[in-house]
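What follows is the content of target-v9.txt, which has compact mmCIF, C-alpha atoms and all ligand atoms:
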```txt
# COMPACT_ATOMS: atom_id res chain seq x y z
CA MET Y 371 -18.40 -6.45 11.22
CA LYS Y 372 -17.15 -2.92 10.61
CA THR Y 373 -14.37 -3.82 8.18
CA ASP Y 374 -13.00 -7.16 7.17
CA PRO Y 375 -9.25 -6.71 6.89
CA SER Y 376 -8.61 -10.41 6.39
CA THR Y 377 -10.84 -10.57 3.30
CA LYS Y 378 -9.10 -7.49 1.93
CA ILE Y 379 -5.80 -9.39 2.09
CA PHE Y 380 -7.41 -12.60 0.83
CA ASP Y 381 -8.90 -10.84 -2.19
CA LEU Y 382 -5.59 -9.33 -3.19
CA LEU Y 383 -4.29 -11.63 -5.92
CA GLN Y 384 -0.55 -11.29 -6.16
CA PHE Y 385 0.85 -13.28 -9.08
CA GLY Y 386 4.51 -14.19 -9.00
CA GLU Y 387 6.76 -13.80 -12.01
CA TYR Y 388 6.21 -17.43 -13.09
CA GLY Y 389 2.66 -17.80 -11.83
CA ASP Y 390 4.09 -18.77 -8.44
CA VAL Y 391 1.39 -18.56 -5.76
CA ASN Y 392 3.96 -17.20 -3.33
CA PRO Y 393 5.51 -14.31 -5.25
CA SER Y 394 9.16 -15.02 -6.03
CA VAL Y 395 11.66 -13.52 -3.63
CA CYS Y 396 13.49 -10.72 -5.34
CA ASP Y 397 17.02 -11.37 -4.17
CA SER Y 398 18.56 -8.27 -5.68
CA ALA Y 399 19.96 -5.06 -4.28
CA THR Y 400 19.98 -3.20 -7.57
CA PHE Y 401 17.97 -3.25 -10.82
CA THR Y 402 18.86 -2.79 -14.48
CA PHE Y 403 17.38 -0.31 -16.94
CA MET Y 404 17.28 -0.58 -20.70
CA GLN Y 405 17.08 3.17 -21.10
CA ALA Y 406 19.10 5.63 -19.05
CA LYS Y 407 16.20 8.10 -19.14
CA THR Y 408 13.93 5.65 -17.26
CA MET Y 409 16.55 5.44 -14.53
CA LEU Y 410 16.55 9.22 -14.14
CA ASP Y 411 12.73 9.26 -14.11
CA THR Y 412 12.73 6.59 -11.39
CA PHE Y 413 15.12 8.68 -9.27
CA GLN Y 414 12.77 11.59 -9.67
CA GLY Y 415 9.78 9.45 -8.69
CA ASP Y 416 8.17 9.64 -12.15
CA ALA Y 417 8.45 6.00 -13.31
CA GLU Y 418 5.68 3.95 -11.70
CA GLY Y 419 6.42 0.22 -11.46
CA CYS Y 420 10.19 0.50 -11.92
CA PHE Y 421 12.62 -0.59 -9.25
CA LEU Y 422 15.89 1.20 -8.65
CA TYR Y 423 17.66 -0.02 -5.55
CA SER Y 424 16.43 -2.12 -2.63
CA ARG Y 425 16.85 0.57 0.03
CA HIS Y 426 14.25 2.47 -1.98
CA TRP Y 427 11.87 -0.29 -3.10
CA ASN Y 428 12.12 -3.98 -3.83
CA PRO Y 429 9.36 -6.10 -5.48
CA SER Y 430 9.19 -8.44 -2.44
CA ASN Y 431 8.81 -5.48 -0.08
CA LYS Y 432 6.18 -4.05 -2.40
CA TYR Y 433 4.08 -7.26 -2.27
CA LEU Y 434 4.10 -7.12 1.53
CA ALA Y 435 3.47 -3.36 1.63
CA ASP Y 436 0.51 -3.73 -0.75
CA ALA Y 437 -1.01 -6.46 1.43
CA LEU Y 438 -0.58 -4.29 4.54
CA ALA Y 439 -2.16 -1.30 2.81
CA ALA Y 440 -5.11 -3.56 1.86
CA MET Y 441 -5.44 -4.73 5.47
CA GLU Y 442 -5.32 -1.21 6.85
CA GLY Y 443 -7.38 0.45 4.12
CA THR Y 444 -4.64 2.95 3.31
CA GLU Y 445 -3.50 4.02 -0.15
CA SER Y 446 0.02 2.90 0.51
CA ALA Y 447 2.45 1.34 2.97
CA TRP Y 448 6.18 0.94 3.56
CA VAL Y 449 8.01 -1.86 5.33
CA THR Y 450 11.00 -1.34 7.60
CA ALA Y 451 13.69 -3.40 9.31
CA SER Y 452 12.09 -2.95 12.76
CA GLY Y 453 9.07 -1.48 14.48
CA MET Y 454 11.27 1.24 15.95
CA ALA Y 455 12.36 2.20 12.41
CA ALA Y 456 8.70 2.58 11.43
CA ILE Y 457 8.03 4.76 14.48
CA THR Y 458 11.14 6.95 14.32
CA CYS Y 459 10.97 7.47 10.54
CA SER Y 460 7.29 8.47 10.72
CA ILE Y 461 7.92 10.94 13.52
CA LEU Y 462 11.02 12.46 11.94
CA GLN Y 463 9.25 12.75 8.58
CA ILE Y 464 6.55 14.88 10.19
CA CYS Y 465 8.62 16.97 12.64
CA ASN Y 466 11.31 19.55 12.08
CA SER Y 467 13.59 21.18 14.58
CA GLY Y 468 11.56 23.40 16.92
CA ASP Y 469 8.36 21.37 16.57
CA HIS Y 470 6.37 19.78 19.37
CA ILE Y 471 4.72 16.38 19.92
CA VAL Y 472 1.92 15.32 22.27
CA CYS Y 473 2.45 11.70 23.29
CA SER Y 474 0.72 9.17 25.50
CA LEU Y 475 2.70 8.77 28.74
CA THR Y 476 2.25 5.03 28.51
CA THR Y 477 3.89 3.85 25.34
CA TYR Y 478 6.35 1.09 24.53
CA GLY Y 479 9.66 1.79 26.38
CA GLY Y 480 11.68 2.23 23.17
CA THR Y 481 9.27 4.83 21.81
CA PHE Y 482 9.24 6.55 25.20
CA ALA Y 483 13.07 6.63 25.26
CA PHE Y 484 13.18 8.05 21.71
CA LEU Y 485 10.77 10.84 22.59
CA TYR Y 486 12.02 11.45 26.16
CA ASN Y 487 15.78 11.32 25.50
CA TYR Y 488 16.60 11.34 21.82
CA VAL Y 489 14.57 13.98 19.96
CA LYS Y 490 16.01 16.68 22.25
CA LYS Y 491 19.04 16.73 19.95
CA PHE Y 492 16.73 17.96 17.17
CA ASN Y 493 15.18 20.55 19.50
CA ILE Y 494 11.82 18.78 19.28
CA GLY Y 495 9.71 19.18 22.42
CA VAL Y 496 7.41 16.46 23.76
CA SER Y 497 4.50 16.70 26.24
CA PHE Y 498 3.51 13.37 27.77
CA VAL Y 499 -0.16 13.11 28.67
CA ASP Y 500 -2.76 10.67 29.95
CA ILE Y 501 -4.09 9.78 26.50
CA THR Y 502 -7.47 8.74 27.93
CA ASN Y 503 -7.99 12.30 29.23
CA LEU Y 504 -9.00 14.22 26.10
CA GLU Y 505 -9.03 17.55 27.95
CA GLU Y 506 -5.40 17.01 28.95
CA VAL Y 507 -4.49 16.08 25.37
CA LYS Y 508 -6.22 19.21 24.04
CA ASN Y 509 -4.55 21.49 26.58
CA ALA Y 510 -1.13 20.10 25.67
CA ILE Y 511 -1.45 21.16 22.00
CA ARG Y 512 0.68 24.24 21.21
CA PRO Y 513 0.98 26.35 18.06
CA ASN Y 514 4.10 24.36 17.07
CA THR Y 515 2.57 20.92 17.76
CA LYS Y 516 2.85 18.71 14.69
CA LEU Y 517 1.50 15.40 15.90
CA ILE Y 518 -0.29 13.39 18.51
CA TYR Y 519 1.28 9.99 19.09
CA THR Y 520 -0.41 7.06 20.77
CA GLU Y 521 -0.88 3.29 20.78
CA THR Y 522 -4.38 1.84 20.21
CA VAL Y 523 -3.89 -0.31 23.31
CA THR Y 524 -1.03 1.17 25.30
CA ASN Y 525 1.99 -0.82 26.39
CA PRO Y 526 1.98 -2.03 29.15
CA LEU Y 527 -1.06 -0.53 30.91
CA LEU Y 528 -3.49 -1.62 28.17
CA GLN Y 529 -5.28 1.74 28.20
CA ILE Y 530 -7.56 2.32 25.21
CA SER Y 531 -6.98 5.37 23.01
CA ASP Y 532 -10.16 6.99 21.71
CA ILE Y 533 -8.94 7.14 18.11
CA PRO Y 534 -11.99 8.91 16.56
CA ALA Y 535 -11.86 11.64 19.23
CA LEU Y 536 -8.07 12.05 18.91
CA ALA Y 537 -8.45 12.19 15.12
CA ARG Y 538 -11.06 14.95 15.42
CA LEU Y 539 -8.78 16.89 17.72
CA SER Y 540 -5.86 16.47 15.30
CA ASP Y 541 -7.96 17.58 12.34
CA GLU Y 542 -9.21 20.65 14.21
CA HIS Y 543 -5.58 21.67 14.80
CA GLY Y 544 -4.31 20.62 11.37
CA ILE Y 545 -1.86 18.13 12.90
CA LYS Y 546 -1.23 14.41 12.36
CA LEU Y 547 -2.42 11.51 14.50
CA VAL Y 548 0.11 8.67 14.47
CA VAL Y 549 -1.11 5.40 16.00
CA ASP Y 550 0.93 2.32 16.87
CA ASN Y 551 -1.46 -0.59 16.31
CA THR Y 552 1.03 -3.34 17.15
CA PHE Y 553 -1.19 -4.95 19.83
CA THR Y 554 -4.38 -4.97 17.76
CA PRO Y 555 -3.88 -5.73 14.06
CA MET Y 556 -7.24 -6.57 12.41
CA ILE Y 557 -9.02 -5.93 15.73
CA VAL Y 558 -8.85 -2.17 15.26
CA ALA Y 559 -8.35 -0.26 11.99
CA PRO Y 560 -6.98 3.11 13.17
CA PHE Y 561 -6.84 4.64 9.68
CA LYS Y 562 -10.54 3.92 9.13
CA LEU Y 563 -11.18 5.65 12.46
CA GLY Y 564 -9.39 8.80 11.35
CA ALA Y 565 -5.69 8.28 12.19
CA HIS Y 566 -3.32 9.67 9.56
CA VAL Y 567 -0.41 7.27 9.98
CA VAL Y 568 -0.53 3.72 11.38
CA VAL Y 569 2.69 2.06 12.48
CA TYR Y 570 3.42 -1.54 13.39
CA SER Y 571 6.10 -3.63 14.90
CA MET Y 572 5.59 -6.63 12.62
CA THR Y 573 7.95 -8.49 14.96
CA LYS Y 574 4.84 -9.20 17.03
CA PHE Y 575 1.43 -10.50 15.91
CA ILE Y 576 1.73 -9.75 12.18
CA ASN Y 577 4.68 -12.09 11.72
CA GLY Y 578 3.87 -14.15 14.79
CA LYS Y 579 6.89 -16.46 14.60
CA ASN Y 580 9.53 -14.57 16.60
CA ASP Y 581 12.09 -15.23 13.89
CA CYS Y 582 12.81 -11.63 12.90
CA VAL Y 583 12.27 -7.95 13.72
CA ALA Y 584 10.36 -5.85 11.20
CA GLY Y 585 8.03 -2.87 11.00
CA ALA Y 586 5.49 -1.15 8.79
CA ILE Y 587 4.04 2.28 8.11
CA CYS Y 588 0.56 2.50 6.54
CA ALA Y 589 -0.60 5.91 5.29
CA SER Y 590 -1.58 8.00 2.28
CA LYS Y 591 0.40 7.67 -0.95
CA GLU Y 592 1.63 11.21 -0.41
CA PHE Y 593 3.09 10.38 3.01
CA ILE Y 594 4.71 7.10 1.89
CA ASP Y 595 6.15 8.81 -1.21
CA SER Y 596 7.56 11.55 0.99
CA LEU Y 597 9.24 8.94 3.23
CA SER Y 598 10.86 7.29 0.22
CA ASN Y 599 11.85 10.47 -1.62
CA VAL Y 600 15.49 10.18 -2.68
CA ASN Y 601 16.22 13.80 -1.73
CA ASP Y 602 14.64 14.20 1.69
CA GLY Y 603 12.70 11.04 2.59
CA THR Y 604 13.51 9.92 6.13
CA ALA Y 605 13.14 6.20 5.40
CA MET Y 606 15.18 6.46 2.20
CA LEU Y 607 17.95 8.48 3.82
CA LEU Y 608 18.18 6.77 7.23
CA GLY Y 609 17.94 3.46 5.37
CA PRO Y 610 16.13 0.90 7.59
CA ALA Y 611 15.27 -1.32 4.61
CA LEU Y 612 13.66 -4.69 5.30
CA ASP Y 613 15.44 -7.65 3.75
CA PRO Y 614 13.28 -9.05 0.90
CA LEU Y 615 13.77 -12.64 2.13
CA ARG Y 616 12.13 -11.54 5.36
CA SER Y 617 9.30 -9.64 3.72
CA SER Y 618 8.51 -12.71 1.70
CA SER Y 619 8.22 -14.89 4.84
CA ILE Y 620 6.22 -12.22 6.69
CA LEU Y 621 3.77 -12.02 3.77
CA LYS Y 622 3.05 -15.75 4.11
CA ASN Y 623 2.50 -15.36 7.85
CA LEU Y 624 0.21 -12.36 7.29
CA HIS Y 625 -2.24 -14.70 5.56
CA THR Y 626 -2.90 -16.58 8.82
CA LEU Y 627 -3.08 -13.48 11.02
CA HIS Y 628 -6.89 -13.47 11.23
CA ILE Y 629 -7.02 -17.03 12.57
CA ARG Y 630 -4.22 -16.36 15.03
CA MET Y 631 -5.76 -13.13 16.36
CA LYS Y 632 -9.03 -14.92 17.12
CA GLN Y 633 -7.23 -17.66 19.03
CA HIS Y 634 -4.95 -15.24 20.93
CA SER Y 635 -8.03 -13.25 21.95
CA ARG Y 636 -10.05 -16.33 22.92
CA ASN Y 637 -7.24 -17.65 25.12
CA ALA Y 638 -6.52 -14.24 26.68
CA LEU Y 639 -10.18 -13.80 27.63
CA TYR Y 640 -10.25 -17.29 29.14
CA LEU Y 641 -7.17 -16.62 31.29
CA ALA Y 642 -8.39 -13.13 32.25
CA GLU Y 643 -11.66 -14.56 33.54
CA LYS Y 644 -9.81 -17.28 35.48
CA PHE Y 645 -7.43 -14.74 37.05
CA ARG Y 646 -10.43 -12.62 38.04
CA GLU Y 647 -12.19 -15.62 39.58
CA SER Y 648 -9.09 -16.50 41.57
CA GLY Y 649 -8.86 -12.98 43.03
CA VAL Y 650 -5.66 -11.88 41.24
CA LYS Y 651 -5.72 -8.23 40.14
CA ILE Y 652 -6.17 -8.50 36.37
CA ASN Y 653 -6.13 -5.94 33.58
CA TYR Y 654 -7.71 -7.00 30.28
CA PRO Y 655 -9.75 -4.63 28.09
CA GLY Y 656 -12.04 -7.55 27.23
CA LEU Y 657 -13.49 -7.70 30.75
CA PRO Y 658 -16.68 -5.58 31.00
CA GLU Y 659 -15.53 -3.91 34.24
CA ASN Y 660 -12.32 -2.67 32.53
CA LYS Y 661 -12.11 1.09 32.05
CA GLY Y 662 -11.42 0.78 28.32
CA TYR Y 663 -13.95 -2.00 27.56
CA GLU Y 664 -16.74 0.16 26.10
CA LYS Y 665 -14.37 2.29 24.04
CA LEU Y 666 -12.59 -0.72 22.56
CA LYS Y 667 -15.94 -2.36 21.85
CA GLU Y 668 -17.02 0.73 19.92
CA MET Y 669 -13.87 0.73 17.78
CA MET Y 670 -13.16 -2.96 17.22
CA ASN Y 671 -14.06 -5.62 14.68
CA PRO Y 672 -15.72 -7.92 17.22
CA GLU Y 673 -14.92 -11.10 15.30
CA PHE Y 674 -11.27 -10.83 16.32
CA GLY Y 675 -11.82 -10.39 20.05
CA PHE Y 676 -10.12 -8.05 22.51
CA GLY Y 677 -6.52 -9.03 21.82
CA GLY Y 678 -3.89 -11.32 23.23
CA LEU Y 679 -2.37 -9.15 25.97
CA ILE Y 680 -3.30 -9.35 29.64
CA ALA Y 681 -1.55 -7.98 32.72
CA ILE Y 682 -1.70 -9.12 36.32
CA ASP Y 683 -0.40 -7.30 39.38
CA MET Y 684 1.76 -9.34 41.74
CA VAL Y 685 2.38 -6.12 43.77
CA THR Y 686 6.16 -6.58 44.21
CA ALA Y 687 8.89 -7.24 41.67
CA GLU Y 688 10.14 -10.17 43.81
CA LYS Y 689 6.76 -11.92 43.71
CA ALA Y 690 6.48 -11.27 39.96
CA ALA Y 691 9.94 -12.79 39.39
CA ARG Y 692 9.08 -15.88 41.50
CA LEU Y 693 5.81 -16.49 39.67
CA MET Y 694 7.40 -16.07 36.24
CA GLU Y 695 10.23 -18.49 37.07
CA MET Y 696 7.73 -21.06 38.32
CA MET Y 697 5.49 -20.63 35.26
CA GLU Y 698 8.42 -21.13 32.92
CA LYS Y 699 9.40 -24.35 34.75
CA ALA Y 700 5.78 -25.55 34.66
CA GLY Y 701 5.65 -25.11 30.87
CA VAL Y 702 3.17 -22.21 30.74
CA GLY Y 703 5.44 -20.40 28.29
CA TYR Y 704 8.66 -18.39 28.29
CA LEU Y 705 9.96 -15.65 30.55
CA ALA Y 706 10.80 -13.38 27.62
CA VAL Y 707 10.03 -9.91 26.29
CA SER Y 708 8.04 -9.36 23.10
CA LEU Y 709 4.58 -10.55 22.16
CA GLY Y 710 2.42 -12.06 19.47
CA TYR Y 711 4.19 -15.42 19.49
CA PHE Y 712 2.45 -18.81 19.28
CA LYS Y 713 3.77 -19.61 22.78
CA THR Y 714 2.81 -17.55 25.80
CA LEU Y 715 5.46 -14.99 26.76
CA PHE Y 716 5.56 -13.13 30.06
CA SER Y 717 7.74 -10.43 31.54
CA ASN Y 718 7.72 -7.86 34.29
CA SER Y 719 7.23 -4.66 32.29
CA GLY Y 720 8.80 -2.26 34.80
CA LYS Y 721 11.98 -4.33 34.78
CA SER Y 722 12.04 -5.02 31.05
CA THR Y 723 10.18 -3.39 28.16
CA SER Y 724 9.38 -0.25 30.20
CA SER Y 725 12.69 -0.11 32.10
CA GLU Y 726 13.62 2.92 29.97
CA VAL Y 727 10.85 4.81 31.80
CA PRO Y 728 12.34 6.38 34.98
CA GLU Y 729 10.92 4.82 38.17
CA GLU Y 730 9.19 8.03 39.30
CA ILE Y 731 7.38 8.22 35.94
CA GLN Y 732 6.46 4.53 36.20
CA ARG Y 733 4.83 5.36 39.56
CA GLU Y 734 3.15 8.49 38.13
CA MET Y 735 1.54 6.45 35.32
CA GLY Y 736 0.41 3.77 37.76
CA LEU Y 737 2.77 1.03 36.57
CA SER Y 738 3.06 -1.41 39.47
CA GLU Y 739 6.50 -2.89 40.05
CA GLY Y 740 4.79 -6.28 40.22
CA LEU Y 741 3.04 -6.02 36.84
CA VAL Y 742 3.42 -9.18 34.78
CA ARG Y 743 2.38 -8.79 31.16
CA PHE Y 744 1.34 -11.92 29.32
CA SER Y 745 1.19 -12.28 25.58
CA VAL Y 746 -1.12 -15.26 25.52
CA GLY Y 747 -0.21 -17.96 23.01
CA LEU Y 748 -2.18 -20.14 20.65
CA ASP Y 749 -2.62 -23.05 23.13
CA ASN Y 750 -5.29 -25.44 21.94
CA ASP Y 751 -5.91 -26.56 25.52
CA ILE Y 752 -5.96 -23.28 27.42
CA GLU Y 753 -7.70 -24.90 30.37
CA ASN Y 754 -4.65 -27.08 30.89
CA THR Y 755 -2.46 -23.96 30.73
CA TRP Y 756 -4.64 -22.34 33.40
CA GLN Y 757 -4.23 -25.39 35.65
CA LYS Y 758 -0.46 -24.94 35.44
CA ILE Y 759 -0.74 -21.22 36.26
CA ARG Y 760 -3.11 -21.95 39.14
CA SER Y 761 -0.76 -24.46 40.63
CA CYS Y 762 2.09 -21.87 40.47
CA LEU Y 763 -0.13 -19.22 42.11
CA ARG Y 764 -0.95 -21.66 44.93
CA GLN Y 765 2.73 -22.16 45.66
CA MET Y 766 3.34 -18.41 46.04
C1 LIG C 1 3.87 -1.48 21.01
C2 LIG C 1 5.24 -1.64 20.42
N1 LIG C 1 5.60 -0.83 19.41
C3 LIG C 1 6.84 -0.91 18.86
C4 LIG C 1 7.77 -1.81 19.33
C5 LIG C 1 9.14 -1.84 18.71
O1 LIG C 1 9.23 -2.83 17.74
P1 LIG C 1 10.59 -3.52 17.24
O2 LIG C 1 11.16 -4.27 18.40
O3 LIG C 1 10.13 -4.38 16.11
O4 LIG C 1 11.52 -2.44 16.81
C6 LIG C 1 7.43 -2.69 20.36
C7 LIG C 1 8.42 -3.67 20.85
O5 LIG C 1 8.23 -4.34 21.85
C8 LIG C 1 6.13 -2.58 20.93
O6 LIG C 1 5.74 -3.38 21.94
```
I need this file expressed as structure tokens, please.
Ligand SMILES: Cc1ncc(COP(=O)(O)O)c(C=O)c1O
Amino acid sequence: MKTDPSTKIFDLLQFGEYGDVNPSVCDSATFTFMQAKTMLDTFQGDAEGCFLYSRHWNPSNKYLADALAAMEGTESAWVTASGMAAITCSILQICNSGDHIVCSLTTYGGTFAFLYNYVKKFNIGVSFVDITNLEEVKNAIRPNTKLIYTETVTNPLLQISDIPALARLSDEHGIKLVVDNTFTPMIVAPFKLGAHVVVYSMTKFINGKNDCVAGAICASKEFIDSLSNVNDGTAMLLGPALDPLRSSSILKNLHTLHIRMKQHSRNALYLAEKFRESGVKINYPGLPENKGYEKLKEMMNPEFGFGGLIAIDMVTAEKAARLMEMMEKAGVGYLAVSLGYFKTLFSNSGKSTSSEVPEEIQREMGLSEGLVRFSVGLDNDIENTWQKIRSCLRQM
């Protein structure tokens, strides 16, 4: 195994205030000081270990951030109230007005909308590229480019980003590589492969319970300190603070992530092979004929498998809708957006999580209107689940 992120978390002993094995939840927005000078030092970032105000830091958020930094192998981390907050704060911390970003054309719809529609108001330019075409990525870099943005496994086409090659390219140009690793926590460690900033929607696999939205940024101490700087830190000033009650529950769920990832991957591979056998067009990076298979194999910690996301092509949106409705009735899982849940979730990406992408761009990137993305659950009897899916496919 290349790295063992689960052992890194396991080895991190976090003692609660009273010896509690789950660190006490710090249910406080503000913190007292015995000396006024220490308060000023904390404002200026010079008082290590002191807490000031929960939008800045909170002990519960710090426990979770420390565990995430251990998992990712970064010096530091920051937790946010959503994955989008992690993404937008990281990007806006790096870019100023007049700067330029190179971004994978296939990215989560919200990220695409932010970069396609929103950053214009800051006069930030964005070139969208096929992230698997390194020549195209290189040619898109301009003198004012500040970052390359991609997802390890892109949403929803499941393309594989060559993180070491993109990191080399970024280093050659003195720019940052920001990687969204939401689909592949523990499976891939982007920071170890050279990425500068790793972002997560913890709403998905990391929390795994679908009971909240949350995000994380893992990076160098310098970058995290800059985000939380009281004078010009994007996270501090835009204020997407995660509620400490939530960080405390996410921390407990993080401790089972390694077991869940293995089971998600095992079940996804099983279904992918069954779809292939039955002649349905299937996209799963864990199948050897998949374009990204070799690259992902090179980068991954094999113990955790190829991930829990698969996509099938039902060719038309009508057929996709019919299949999804039947599968929901048959008890395969839920017709719902999002991923990383213990139940299987499925949705038609073009009509849901990528609906922000204009239809002509969906066609340009090769997103079929009949694409059904599955986030495969933790089913103990996946063969039984397949029988249900097969019976729905037969009724199509
Ligand atoms: C890959 C990816 N990144 C980021 C996000 C955004 O996360 P959140 O909904 O927690 O803001 C999503 C949401 O679906 C996603 O799929």
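Distances to ligand LIG 1 (chain C) were evaluated for Y:Thr626, Y:Ser722, Y:Ser598, Y:Asn466 using only C-alpha atoms and all ligand atoms, and the minimum falls at Y:Ser722.
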Taking all atoms listed in the file and a cut-off of 7 Å, can you tell me which residues surround ligand LIG 1 (chain C), written as an MDAnalysis selection string?
chainID Y and resid 452:455 477:478 480:481 521 525 550 552:553 570:573 583:585 708 723
Atoms to include: C-alpha atoms. Write the selected residues as a PDB file, in the frame of the given file.
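Listing of result_13.pdb after writing:
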```pdb
ATOM      1  CA  SER Y 452      12.090  -2.950  12.760  1.00  0.00           C
ATOM      2  CA  GLY Y 453       9.070  -1.480  14.480  1.00  0.00           C
ATOM      3  CA  MET Y 454      11.270   1.240  15.950  1.00  0.00           C
ATOM      4  CA  ALA Y 455      12.360   2.200  12.410  1.00  0.00           C
ATOM      5  CA  THR Y 477       3.890   3.850  25.340  1.00  0.00           C
ATOM      6  CA  TYR Y 478       6.350   1.090  24.530  1.00  0.00           C
ATOM      7  CA  GLY Y 480      11.680   2.230  23.170  1.00  0.00           C
ATOM      8  CA  THR Y 481       9.270   4.830  21.810  1.00  0.00           C
ATOM      9  CA  GLU Y 521      -0.880   3.290  20.780  1.00  0.00           C
ATOM     10  CA  ASN Y 525       1.990  -0.820  26.390  1.00  0.00           C
ATOM     11  CA  ASP Y 550       0.930   2.320  16.870  1.00  0.00           C
ATOM     12  CA  THR Y 552       1.030  -3.340  17.150  1.00  0.00           C
ATOM     13  CA  PHE Y 553      -1.190  -4.950  19.830  1.00  0.00           C
ATOM     14  CA  TYR Y 570       3.420  -1.540  13.390  1.00  0.00           C
ATOM     15  CA  SER Y 571       6.100  -3.630  14.900  1.00  0.00           C
ATOM     16  CA  MET Y 572       5.590  -6.630  12.620  1.00  0.00           C
ATOM     17  CA  THR Y 573       7.950  -8.490  14.960  1.00  0.00           C
ATOM     18  CA  VAL Y 583      12.270  -7.950  13.720  1.00  0.00           C
ATOM     19  CA  ALA Y 584      10.360  -5.850  11.200  1.00  0.00           C
ATOM     20  CA  GLY Y 585       8.030  -2.870  11.000  1.00  0.00           C
ATOM     21  CA  SER Y 708       8.040  -9.360  23.100  1.00  0.00           C
ATOM     22  CA  THR Y 723      10.180  -3.390  28.160  1.00  0.00           C
TER      23      THR Y 723
END
```
Please check which residues have atoms at most 9 Å from (13.3, -1.3, -5.5) in the file's coordinates, counting all atoms listed in the file, and write them as a PyMOL selection string.
chain Y and resi 398-401+420-432
In terms of the shortest atom-to-atom distance over all atoms listed in the file, which of Y:Phe712, Y:Phe492, Y:Phe380, Y:Phe676 is closest to Arg630 in chain Y?
Y:Phe712
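Distances to Trp448 in chain Y were evaluated for Y:Gly419, Y:Cys588, Y:Thr520, Y:Pro534 using only C-alpha atoms, and the minimum falls at Y:Cys588.
The two atoms in question, CA of Pro393 in chain Y and CA of Ser618 in chain Y, are spaced 7.7 Å apart.
Closest to Leu709 in chain Y among Y:Phe498, Y:Phe593, Y:Phe403, Y:Phe575 is Y:Phe575, based on only C-alpha atoms.
Atom to atom, CA of Phe482 in chain Y and CA of Glu726 in chain Y stand 7.4 Å apart.
Between CA of Thr476 in chain Y and CA of Pro610 in chain Y lies a distance of 25.4 Å.
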Exercise: residues within 12 Å of coordinate (2.9, -21.3, 19.7), counting all atoms listed in the file, as a ChimeraX atom specification
/Y:575,578-580,630,633-634,702-704,709-715,745-752
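Nearest-residue note for Ile530 in chain Y: choosing from Y:Met735, Y:Ile471, Y:Cys582, Y:Leu666, the minimum distance belongs to Y:Leu666, counting only C-alpha atoms.
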Near-Lys721 in chain Y list (12 Å; all atoms listed in the file; drop same-chain fewer than 5 positions) as a short mmCIF file (atom, residue, chain, number, x, y, z; two decimals) with C-alpha atoms, in the coordinates of the input:
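What ended up in around.cif:
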```cif
data_model
loop_
_atom_site.label_atom_id
_atom_site.label_comp_id
_atom_site.auth_asym_id
_atom_site.auth_seq_id
_atom_site.Cartn_x
_atom_site.Cartn_y
_atom_site.Cartn_z
CA GLY Y 479 9.66 1.79 26.38
CA PRO Y 526 1.98 -2.03 29.15
CA THR Y 686 6.16 -6.58 44.21
CA ALA Y 687 8.89 -7.24 41.67
CA GLU Y 688 10.14 -10.17 43.81
CA ALA Y 690 6.48 -11.27 39.96
CA ALA Y 691 9.94 -12.79 39.39
CA ALA Y 706 10.80 -13.38 27.62
CA VAL Y 707 10.03 -9.91 26.29
CA PHE Y 716 5.56 -13.13 30.06
CA GLU Y 726 13.62 2.92 29.97
CA VAL Y 727 10.85 4.81 31.80
CA PRO Y 728 12.34 6.38 34.98
CA GLU Y 729 10.92 4.82 38.17
CA GLN Y 732 6.46 4.53 36.20
CA LEU Y 737 2.77 1.03 36.57
CA SER Y 738 3.06 -1.41 39.47
CA GLU Y 739 6.50 -2.89 40.05
CA GLY Y 740 4.79 -6.28 40.22
CA LEU Y 741 3.04 -6.02 36.84
CA VAL Y 742 3.42 -9.18 34.78
CA ARG Y 743 2.38 -8.79 31.16
#
```
Among listed residues Y:Ser467, Y:Thr524, Y:Lys758, Y:Leu434, nearest Thr502 in chain Y (using only C-alpha atoms):
Y:Thr524
Would you pick out the contacts of Met441 in chain Y at 8 Å or less, using only C-alpha atoms, so that residues sharing its chain but fewer than 5 positions from it are not included, and give the list as a ChimeraX atom specification?
/Y:375-376,378-379,556
